[in-house]
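Shown next, in structure tokens, is the structure this report addresses.
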Amino acid sequence: MKNGLPAAARLSLAVLLVGVSACGGAEEYTVPSKACGRDVSRDELGALLPSGAELREKPSTSDTSFSCQIYADDLMQFAFTEHSGQRKFDVSAYAKSGRLGGFDQLRASDVSDNAVGSHTRSVVMAPCPKAGKNYILDLELPNTEGDHSDDIERFVRSYLPTGLAAMGC
């Protein structure tokens with residue numbers, strides 16, 4: 001018996017302390033219910049973000065567009081841009097021609113009748129009758145690998161009413 005504790009008790013205490021400190025780890029951020037001031041589904045956003053210690057967002061606004069970039073531990077992981085007052089065009093044809101930038105495994109999306117998706121990106125056009133012309137949502141996971149198309153579509157479906165309303169549609 002050393003320090004007033006039997007050897008078995010000291011061993012149990014040491015194992016307990018090691019277990020507690022192993023669980024302590026680094027702090028994880030809390031997934032927000034707003035992205036750059038816009039209401040979002042915490043569950044749907046959380047499915048698109050990696051783990052990390054800190055989230056930071058960077059909004060940008062102009063007369064007809066709004067952008068939001070979310071950084072996890074200083075690496076941009078999630079970005080969306082919205083435009084209102086856009087003329088109608090075939091999103092799929094533009095995407096296939098490269099006029100909308102790159103897509104990994106481009107496919108049609110049923111989020112709207114004029115939308116495409118891929119493993120890490122989605123572009124949706126929807127009517128914007130109040131503001132005139134059309135609304136576009138372009139969402140991208142710029143530093144992500146793998147197929148996230150289902151999670152992206154769930155987020156877009158949940159966010160679309162918020163985005164349309166925020167852009168005056």
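Chain labels A, B, ... are given in the sequence in which chains occur in the structure tokens; within each chain residues are numbered consecutively from 1, and ligands are likewise numbered from 1 in the order shown.
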List the spatial neighbours of Asp43 in chain A as a PDB file with N, CA, C and O atoms, in the first residue's frame - criterion: any atom at most 9 Å away, only C-alpha atoms, same-chain residues fewer than 4 positions off excluded.
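This is the output file selection09.pdb:
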```
ATOM      1  N   VAL A  31     -23.070  22.564 -35.001  1.00  0.00           N
ATOM      2  CA  VAL A  31     -23.642  22.894 -36.310  1.00  0.00           C
ATOM      3  C   VAL A  31     -24.714  23.967 -36.099  1.00  0.00           C
ATOM      4  O   VAL A  31     -25.617  23.793 -35.292  1.00  0.00           O
ATOM      5  N   SER A  33     -27.902  26.695 -36.853  1.00  0.00           N
ATOM      6  CA  SER A  33     -29.223  26.640 -37.485  1.00  0.00           C
ATOM      7  C   SER A  33     -29.386  27.784 -38.484  1.00  0.00           C
ATOM      8  O   SER A  33     -30.446  27.943 -39.080  1.00  0.00           O
ATOM      9  N   ALA A  47     -24.852  17.184 -42.132  1.00  0.00           N
ATOM     10  CA  ALA A  47     -24.493  16.052 -42.994  1.00  0.00           C
ATOM     11  C   ALA A  47     -23.487  16.449 -44.066  1.00  0.00           C
ATOM     12  O   ALA A  47     -22.801  15.589 -44.629  1.00  0.00           O
ATOM     13  N   PHE A 155     -30.385  18.796 -48.441  1.00  0.00           N
ATOM     14  CA  PHE A 155     -30.176  20.171 -47.989  1.00  0.00           C
ATOM     15  C   PHE A 155     -30.900  21.147 -48.915  1.00  0.00           C
ATOM     16  O   PHE A 155     -31.598  22.054 -48.458  1.00  0.00           O
TER      17      PHE A 155
END
```
> Hey, what's within 12 Å of range 50-62 of chain A if we count only C-alpha atoms and toss same-chain stuff fewer than 3 positions away? As a VMD selection string, please?
Replying inline: chain A and resid 25 to 32 34 to 38 45 to 47 65 to 84 141 143 to 145 148 166 to 167
Take the selection from the previous step and output its residues with C-alpha atoms, as a compact mmCIF listing (two decimals), in the first residue's frame.
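Okay, out.txt is ready:
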```txt
# COMPACT_ATOMS: atom_id res chain seq x y z
CA GLY A 25 -10.35 15.36 -27.02
CA ALA A 26 -10.55 18.64 -28.90
CA GLU A 27 -13.72 20.70 -28.82
CA GLU A 28 -16.06 20.14 -31.77
CA TYR A 29 -18.06 23.01 -33.22
CA THR A 30 -21.84 23.05 -32.97
CA VAL A 31 -23.64 22.89 -36.31
CA PRO A 32 -25.55 26.18 -36.61
CA LYS A 34 -28.29 29.62 -39.67
CA ALA A 35 -25.78 29.91 -42.50
CA CYS A 36 -24.71 33.52 -43.07
CA GLY A 37 -27.93 34.68 -41.42
CA ARG A 38 -30.21 32.35 -43.43
CA LEU A 45 -26.18 21.18 -42.96
CA GLY A 46 -24.41 18.91 -40.48
CA ALA A 47 -24.49 16.05 -42.99
CA SER A 65 -27.04 37.76 -55.53
CA PHE A 66 -26.11 36.36 -52.14
CA SER A 67 -23.19 34.08 -51.35
CA CYS A 68 -22.26 32.15 -48.23
CA GLN A 69 -19.02 30.30 -47.63
CA ILE A 70 -18.51 28.14 -44.55
CA TYR A 71 -15.03 27.24 -43.39
CA ALA A 72 -14.22 24.38 -41.01
CA ASP A 73 -10.83 24.92 -39.39
CA ASP A 74 -9.96 27.57 -42.03
CA LEU A 75 -10.69 25.35 -45.06
CA MET A 76 -13.77 26.22 -47.15
CA GLN A 77 -16.07 23.20 -46.99
CA PHE A 78 -19.48 24.52 -48.06
CA ALA A 79 -20.52 27.34 -50.36
CA PHE A 80 -23.74 28.47 -51.94
CA THR A 81 -24.62 31.36 -54.19
CA GLU A 82 -28.12 32.56 -55.00
CA HIS A 83 -29.17 34.79 -57.89
CA SER A 84 -32.55 36.37 -58.61
CA LEU A 141 -18.65 21.27 -51.40
CA ASN A 143 -12.91 20.40 -50.55
CA THR A 144 -14.82 17.16 -50.24
CA GLU A 145 -14.28 13.75 -51.77
CA HIS A 148 -22.52 13.50 -51.26
CA ALA A 166 -34.91 35.69 -48.91
CA MET A 167 -34.32 36.63 -52.55
```
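Minimum atom-to-atom distances from A:Ala115, A:Ser109, A:Arg154, A:Gly163 to Val91 in chain A were compared using only C-alpha atoms, and the lowest value belongs to A:Ala115.
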> Where does DSSP see strand (DSSP E or B) in range 30-102 of chain A, if you list the residues as number ranges by chain?
Replying inline: A: 34-35, 38-39, 55-61, 65-72, 75-86
> From the set A:Val40, A:Leu49, A:Ala108, A:Cys169, which residue has the shortest atom-to-atom contact distance to Val156 in chain A, counting only C-alpha atoms?
Replying inline: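 For Val156 in chain A, the nearest of the candidates is A:Val40.
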>> Residues near range 133-136 of chain A, anyone? I mean within 6 Å using only C-alpha atoms, not counting same-chain ones fewer than 4 positions away, as a ChimeraX atom specification.
In response: /A:82-87,124-128
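Note that CA of Glu44 in chain A and CA of Glu140 in chain A are 14.1 Å apart.
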> Tell me, which residues of range 35-95 of chain A carry DSSP alpha helix (DSSP H), written as a PyMOL selection string?
Replying inline: chain A and resi 42-46+91-95
Written file, previous selection with C-alpha atoms, as a PDB file, in the first residue's frame:
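Saved the output as selection-v6.pdb:
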```
ATOM      1  CA  ARG A  42     -29.131  21.864 -38.670  1.00  0.00           C
ATOM      2  CA  ASP A  43     -29.353  18.154 -39.564  1.00  0.00           C
ATOM      3  CA  GLU A  44     -29.088  18.708 -43.313  1.00  0.00           C
ATOM      4  CA  LEU A  45     -26.182  21.176 -42.956  1.00  0.00           C
ATOM      5  CA  GLY A  46     -24.412  18.910 -40.476  1.00  0.00           C
ATOM      6  CA  VAL A  91     -29.387  24.143 -66.525  1.00  0.00           C
ATOM      7  CA  SER A  92     -28.544  20.634 -67.725  1.00  0.00           C
ATOM      8  CA  ALA A  93     -27.441  21.808 -71.190  1.00  0.00           C
ATOM      9  CA  TYR A  94     -25.325  24.607 -69.673  1.00  0.00           C
ATOM     10  CA  ALA A  95     -23.735  22.180 -67.206  1.00  0.00           C
TER      11      ALA A  95
END
```
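Atom pair CA of Gly146 in chain A / CA of Ser122 in chain A: separated by 14.5 Å.
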>> I'd like the interatomic distance between CA of Arg107 in chain A and CA of Arg121 in chain A, to a tenth of an Å.
In response: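 Result for CA of Arg107 in chain A versus CA of Arg121 in chain A: 10.4 Å, one decimal.
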>> Ranking A:Ser41, A:Asp150, A:Thr64, A:Pro142 by minimum distance to Gly168 in chain A and counting only C-alpha atoms, which one comes first?
In response: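 Closest candidate: A:Thr64.
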